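Student: Provided herewith is a single structure, encoded as structure tokens, for subsequent inquiry.
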Amino acid sequence: MSSFTVNNQPVRYRLPPDTPLLWALRDASNLTGTKYGCGTGDCGACTVDIDGRAVRSCQVPIGRIEGSVVTTIEGLSRDRSHPVQQAFLAANVGQCGYCIPGMVMAAAALIHKYPDPSEDMIRAQITNLCRCGIYPRLVEAIQRAARAARGEETIPAAPMPGTDPADAARAAPSLVPGVMREE
């Protein structure tokens, strides 16, 4: 039995210790925000935070992280208030969205460790793959998130999940580019 903390909740998995963390999270804990991409640790879709480090969860057996603290995309911020989530939304980084949870987790770990990452550092540290090609917006979004985390910039909050776009536009027209509030 493997015991550790997931999203601030103690868990004990009754799974073989060689079970990849990815499958424990997705299948046993129903935390499906962590995505299966390649299964070899190359793509980064399954990235989670383990004890402050961005880790490819498909490559980590649960028996090896006994006592660790794991944060998934669901545990980062349910209301999308984390600076990385806000910056990614503001810059329209996501396209298909499949790689985004892993990229958000990698970026959050990066700016936690390095509060003012350079472009070169971001490109070296964020090695997640994106088939849609979001890279041009990625670096600026991460730098903006870092500025927000340092208190140097404010990023307008994104609407809560499930908010109708028209309601979001009426409540805060600046959140939806090109949409004006009718008076």
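Residues are referred to by chain and number: the chain letter is A, B, ... according to the order shown in the structure tokens, the number counts from 1 in that chain, and ligands are numbered separately from 1 in the order shown.
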Do you know which residues are at most 9 Å from A:Pro10 counting only C-alpha atoms, after dropping those on the same chain fewer than 6 positions away, and could you put them as a PyMOL selection string?
Tutor: chain A and resi 3-4+69
Student: Return as a PyMOL selection string the full set of residues in stretch 78-144 of chain A whose backbone-based DSSP assignment is helix (DSSP H, G or I).
Tutor: chain A and resi 83-90+100-113+119-125+135-144
Student: Print the selection's residues with C-alpha atoms to a file, as a PDB file, in the first residue's frame.
Tutor:
ATOM      1  CA  PRO A  83      -1.364  33.235 -11.988  1.00  0.00           C
ATOM      2  CA  VAL A  84      -0.342  30.608 -14.558  1.00  0.00           C
ATOM      3  CA  GLN A  85      -3.961  29.680 -15.246  1.00  0.00           C
ATOM      4  CA  GLN A  86      -4.925  33.354 -15.529  1.00  0.00           C
ATOM      5  CA  ALA A  87      -2.011  34.152 -17.850  1.00  0.00           C
ATOM      6  CA  PHE A  88      -2.680  31.135 -20.077  1.00  0.00           C
ATOM      7  CA  LEU A  89      -6.342  32.126 -20.396  1.00  0.00           C
ATOM      8  CA  ALA A  90      -5.560  35.808 -20.998  1.00  0.00           C
ATOM      9  CA  ILE A 100      -2.377  22.479 -21.226  1.00  0.00           C
ATOM     10  CA  PRO A 101      -2.774  20.857 -17.774  1.00  0.00           C
ATOM     11  CA  GLY A 102       0.760  19.467 -17.969  1.00  0.00           C
ATOM     12  CA  MET A 103       2.139  22.778 -19.229  1.00  0.00           C
ATOM     13  CA  VAL A 104       0.349  24.703 -16.489  1.00  0.00           C
ATOM     14  CA  MET A 105       1.804  22.387 -13.846  1.00  0.00           C
ATOM     15  CA  ALA A 106       5.312  22.634 -15.322  1.00  0.00           C
ATOM     16  CA  ALA A 107       5.049  26.435 -15.514  1.00  0.00           C
ATOM     17  CA  ALA A 108       3.705  26.711 -11.948  1.00  0.00           C
ATOM     18  CA  ALA A 109       6.613  24.645 -10.603  1.00  0.00           C
ATOM     19  CA  LEU A 110       9.070  26.739 -12.635  1.00  0.00           C
ATOM     20  CA  ILE A 111       7.889  30.114 -11.348  1.00  0.00           C
ATOM     21  CA  HIS A 112       7.664  28.767  -7.807  1.00  0.00           C
ATOM     22  CA  LYS A 113      11.346  27.828  -7.960  1.00  0.00           C
ATOM     23  CA  GLU A 119      12.973  33.344 -21.951  1.00  0.00           C
ATOM     24  CA  ASP A 120      15.919  30.964 -22.290  1.00  0.00           C
ATOM     25  CA  MET A 121      15.142  29.357 -18.935  1.00  0.00           C
ATOM     26  CA  ILE A 122      11.486  28.879 -19.868  1.00  0.00           C
ATOM     27  CA  ARG A 123      12.409  27.306 -23.196  1.00  0.00           C
ATOM     28  CA  ALA A 124      14.911  24.992 -21.460  1.00  0.00           C
ATOM     29  CA  GLN A 125      12.627  24.003 -18.574  1.00  0.00           C
ATOM     30  CA  TYR A 135       4.865  28.007 -28.228  1.00  0.00           C
ATOM     31  CA  PRO A 136       4.874  31.640 -29.464  1.00  0.00           C
ATOM     32  CA  ARG A 137       2.341  32.604 -26.748  1.00  0.00           C
ATOM     33  CA  LEU A 138       3.719  30.260 -24.089  1.00  0.00           C
ATOM     34  CA  VAL A 139       6.871  32.155 -23.097  1.00  0.00           C
ATOM     35  CA  GLU A 140       5.100  35.498 -22.705  1.00  0.00           C
ATOM     36  CA  ALA A 141       2.251  33.868 -20.750  1.00  0.00           C
ATOM     37  CA  ILE A 142       4.717  32.293 -18.311  1.00  0.00           C
ATOM     38  CA  GLN A 143       6.606  35.561 -17.899  1.00  0.00           C
ATOM     39  CA  ARG A 144       3.300  37.364 -17.303  1.00  0.00           C
TER      40      ARG A 144
END
Student: Got a sec to tell me which of stretch 9-102 of chain A DSSP assigns to strand (DSSP E or B), as a list in words?
Tutor: Gln9, Pro10, Val11, Arg12, Tyr13, Pro20, Thr47, Val48, Asp49, Ile50, Arg53, Ala54, Val55, Arg56, Pro61, Val69, Val70 and Thr71 of chain A
Student: Output the selection as a CSV table (one decimal), in the first residue's frame - all heavy atoms for each residue.
Tutor:
chain,number,residue,atom,x,y,z
A,9,GLN,N,-5.0,16.2,0.3
A,9,GLN,CA,-5.7,15.1,1.0
A,9,GLN,C,-4.8,13.9,1.1
A,9,GLN,O,-4.2,13.4,0.1
A,9,GLN,CB,-6.9,14.7,0.1
A,9,GLN,CG,-7.9,15.9,-0.1
A,9,GLN,CD,-8.6,16.3,1.3
A,9,GLN,OE1,-9.0,15.4,2.1
A,9,GLN,NE2,-8.7,17.6,1.5
A,10,PRO,N,-4.7,13.3,2.3
A,10,PRO,CA,-4.0,12.1,2.4
A,10,PRO,C,-4.7,10.9,1.7
A,10,PRO,O,-5.9,10.8,1.7
A,10,PRO,CB,-3.9,11.8,3.9
A,10,PRO,CG,-5.0,12.7,4.5
A,10,PRO,CD,-5.3,13.8,3.6
A,11,VAL,N,-3.9,10.2,1.0
A,11,VAL,CA,-4.4,9.0,0.2
A,11,VAL,C,-3.6,7.8,0.5
A,11,VAL,O,-2.4,7.9,0.8
A,11,VAL,CB,-4.5,9.3,-1.3
A,11,VAL,CG1,-5.5,10.4,-1.6
A,11,VAL,CG2,-3.2,9.6,-1.9
A,12,ARG,N,-4.3,6.7,0.4
A,12,ARG,CA,-3.6,5.4,0.5
A,12,ARG,C,-4.1,4.5,-0.6
A,12,ARG,O,-5.3,4.2,-0.7
A,12,ARG,CB,-3.9,4.7,1.8
A,12,ARG,CG,-3.2,3.4,2.0
A,12,ARG,CD,-3.4,2.8,3.4
A,12,ARG,NE,-2.5,3.7,4.2
A,12,ARG,CZ,-2.5,3.6,5.5
A,12,ARG,NH1,-3.4,2.9,6.2
A,12,ARG,NH2,-1.7,4.4,6.2
A,13,TYR,N,-3.2,4.2,-1.6
A,13,TYR,CA,-3.6,3.4,-2.7
A,13,TYR,C,-3.4,1.9,-2.5
A,13,TYR,O,-2.2,1.5,-2.1
A,13,TYR,CB,-2.8,3.8,-4.0
A,13,TYR,CG,-3.2,5.2,-4.5
A,13,TYR,CD1,-2.4,6.3,-4.3
A,13,TYR,CD2,-4.4,5.4,-5.1
A,13,TYR,CE1,-2.7,7.6,-4.8
A,13,TYR,CE2,-4.8,6.6,-5.6
A,13,TYR,CZ,-3.9,7.7,-5.4
A,13,TYR,OH,-4.3,8.9,-5.9
A,20,PRO,N,2.1,3.2,-12.2
A,20,PRO,CA,2.5,4.6,-12.4
A,20,PRO,C,1.5,5.5,-11.8
A,20,PRO,O,0.3,5.3,-11.7
A,20,PRO,CB,2.4,4.7,-14.0
A,20,PRO,CG,2.6,3.3,-14.5
A,20,PRO,CD,2.0,2.4,-13.4
A,47,THR,N,2.2,15.8,-16.6
A,47,THR,CA,3.0,16.5,-15.6
A,47,THR,C,2.2,16.9,-14.4
A,47,THR,O,1.1,17.5,-14.5
A,47,THR,CB,3.7,17.7,-16.2
A,47,THR,OG1,4.5,17.3,-17.3
A,47,THR,CG2,4.6,18.5,-15.2
A,48,VAL,N,2.7,16.6,-13.2
A,48,VAL,CA,2.2,17.0,-11.9
A,48,VAL,C,3.3,17.6,-11.1
A,48,VAL,O,4.5,17.5,-11.5
A,48,VAL,CB,1.5,15.8,-11.2
A,48,VAL,CG1,0.3,15.3,-12.0
A,48,VAL,CG2,2.5,14.7,-10.9
A,49,ASP,N,3.0,18.2,-10.0
A,49,ASP,CA,4.0,18.7,-9.1
A,49,ASP,C,4.1,17.7,-7.9
A,49,ASP,O,3.2,17.3,-7.3
A,49,ASP,CB,3.4,20.0,-8.5
A,49,ASP,CG,4.4,20.7,-7.5
A,49,ASP,OD1,4.8,20.0,-6.6
A,49,ASP,OD2,4.7,21.9,-7.8
A,50,ILE,N,5.3,17.2,-7.7
A,50,ILE,CA,5.7,16.3,-6.6
A,50,ILE,C,6.7,17.0,-5.8
A,50,ILE,O,7.8,17.2,-6.3
A,50,ILE,CB,6.2,14.9,-7.1
A,50,ILE,CG1,5.1,14.2,-8.0
A,50,ILE,CG2,6.5,14.1,-5.9
A,50,ILE,CD1,5.6,12.9,-8.5
A,53,ARG,N,8.4,19.9,-7.5
A,53,ARG,CA,9.1,19.7,-8.8
A,53,ARG,C,8.1,19.2,-9.9
A,53,ARG,O,7.2,18.4,-9.6
A,53,ARG,CB,10.2,18.6,-8.7
A,53,ARG,CG,11.3,18.9,-7.8
A,53,ARG,CD,12.4,17.8,-7.7
A,53,ARG,NE,12.1,16.5,-8.3
A,53,ARG,CZ,11.5,15.5,-7.7
A,53,ARG,NH1,11.2,15.5,-6.5
A,53,ARG,NH2,11.3,14.4,-8.4
A,54,ALA,N,8.2,19.7,-11.1
A,54,ALA,CA,7.4,19.2,-12.2
A,54,ALA,C,7.9,17.8,-12.6
A,54,ALA,O,9.1,17.7,-12.9
A,54,ALA,CB,7.5,20.2,-13.4
A,55,VAL,N,7.0,16.8,-12.6
A,55,VAL,CA,7.4,15.4,-12.8
A,55,VAL,C,6.4,14.8,-13.8
A,55,VAL,O,5.2,15.0,-13.7
A,55,VAL,CB,7.4,14.7,-11.5
A,55,VAL,CG1,7.7,13.2,-11.7
A,55,VAL,CG2,8.4,15.3,-10.5
A,56,ARG,N,6.9,14.0,-14.7
A,56,ARG,CA,6.0,13.3,-15.6
A,56,ARG,C,5.5,12.0,-14.9
A,56,ARG,O,6.2,11.1,-14.6
A,56,ARG,CB,6.9,12.8,-16.8
A,56,ARG,CG,7.7,14.0,-17.5
A,56,ARG,CD,6.8,14.9,-18.3
A,56,ARG,NE,7.5,16.1,-18.7
A,56,ARG,CZ,8.0,16.4,-19.9
A,56,ARG,NH1,8.1,15.5,-20.8
A,56,ARG,NH2,8.6,17.5,-20.1
A,61,PRO,N,6.6,5.4,-10.3
A,61,PRO,CA,5.8,4.3,-9.6
A,61,PRO,C,5.3,4.9,-8.2
A,61,PRO,O,6.1,5.6,-7.6
A,61,PRO,CB,6.8,3.2,-9.4
A,61,PRO,CG,8.0,3.5,-10.2
A,61,PRO,CD,8.0,5.0,-10.5
A,69,VAL,N,4.2,14.9,-1.4
A,69,VAL,CA,3.0,15.8,-1.7
A,69,VAL,C,2.9,16.0,-3.2
A,69,VAL,O,3.8,16.5,-3.8
A,69,VAL,CB,3.1,17.1,-1.0
A,69,VAL,CG1,2.0,18.0,-1.3
A,69,VAL,CG2,3.3,16.9,0.5
A,70,VAL,N,1.7,15.5,-3.7
A,70,VAL,CA,1.4,15.6,-5.1
A,70,VAL,C,0.3,16.6,-5.4
A,70,VAL,O,-0.7,16.6,-4.7
A,70,VAL,CB,1.0,14.2,-5.7
A,70,VAL,CG1,0.6,14.3,-7.2
A,70,VAL,CG2,2.1,13.2,-5.5
A,71,THR,N,0.6,17.5,-6.3
A,71,THR,CA,-0.5,18.5,-6.7
A,71,THR,C,-0.8,18.3,-8.2
A,71,THR,O,0.2,18.3,-9.0
A,71,THR,CB,-0.1,19.9,-6.5
A,71,THR,OG1,0.3,20.1,-5.1
A,71,THR,CG2,-1.2,20.9,-6.8
Student: Just give me the gap between atom CA of A:Leu31 and atom CA of A:Arg64 in Å, one decimal is fine.
Tutor: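 Separating atom CA of A:Leu31 from atom CA of A:Arg64 is a distance of 19.7 Å.
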Student: Have a look at A:Val6, A:Cys132, A:Leu21, A:Cys43 and name the one nearest to A:Ile73; count only C-alpha atoms.
Tutor: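 For A:Ile73, the nearest of the candidates is A:Val6.
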Student: Have a look at A:Gln59, A:Thr19, A:Thr32, A:Thr72 and name the one nearest to A:Tyr98; count only C-alpha atoms.
Tutor: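 Residue with the minimum atom-to-atom distance to A:Tyr98: A:Thr32.
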Student: Any idea what the distance is between atom CA of A:Arg131 and atom CA of A:Cys96?
Tutor: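 Between atom CA of A:Arg131 and atom CA of A:Cys96 the gap works out to 8.9 Å.
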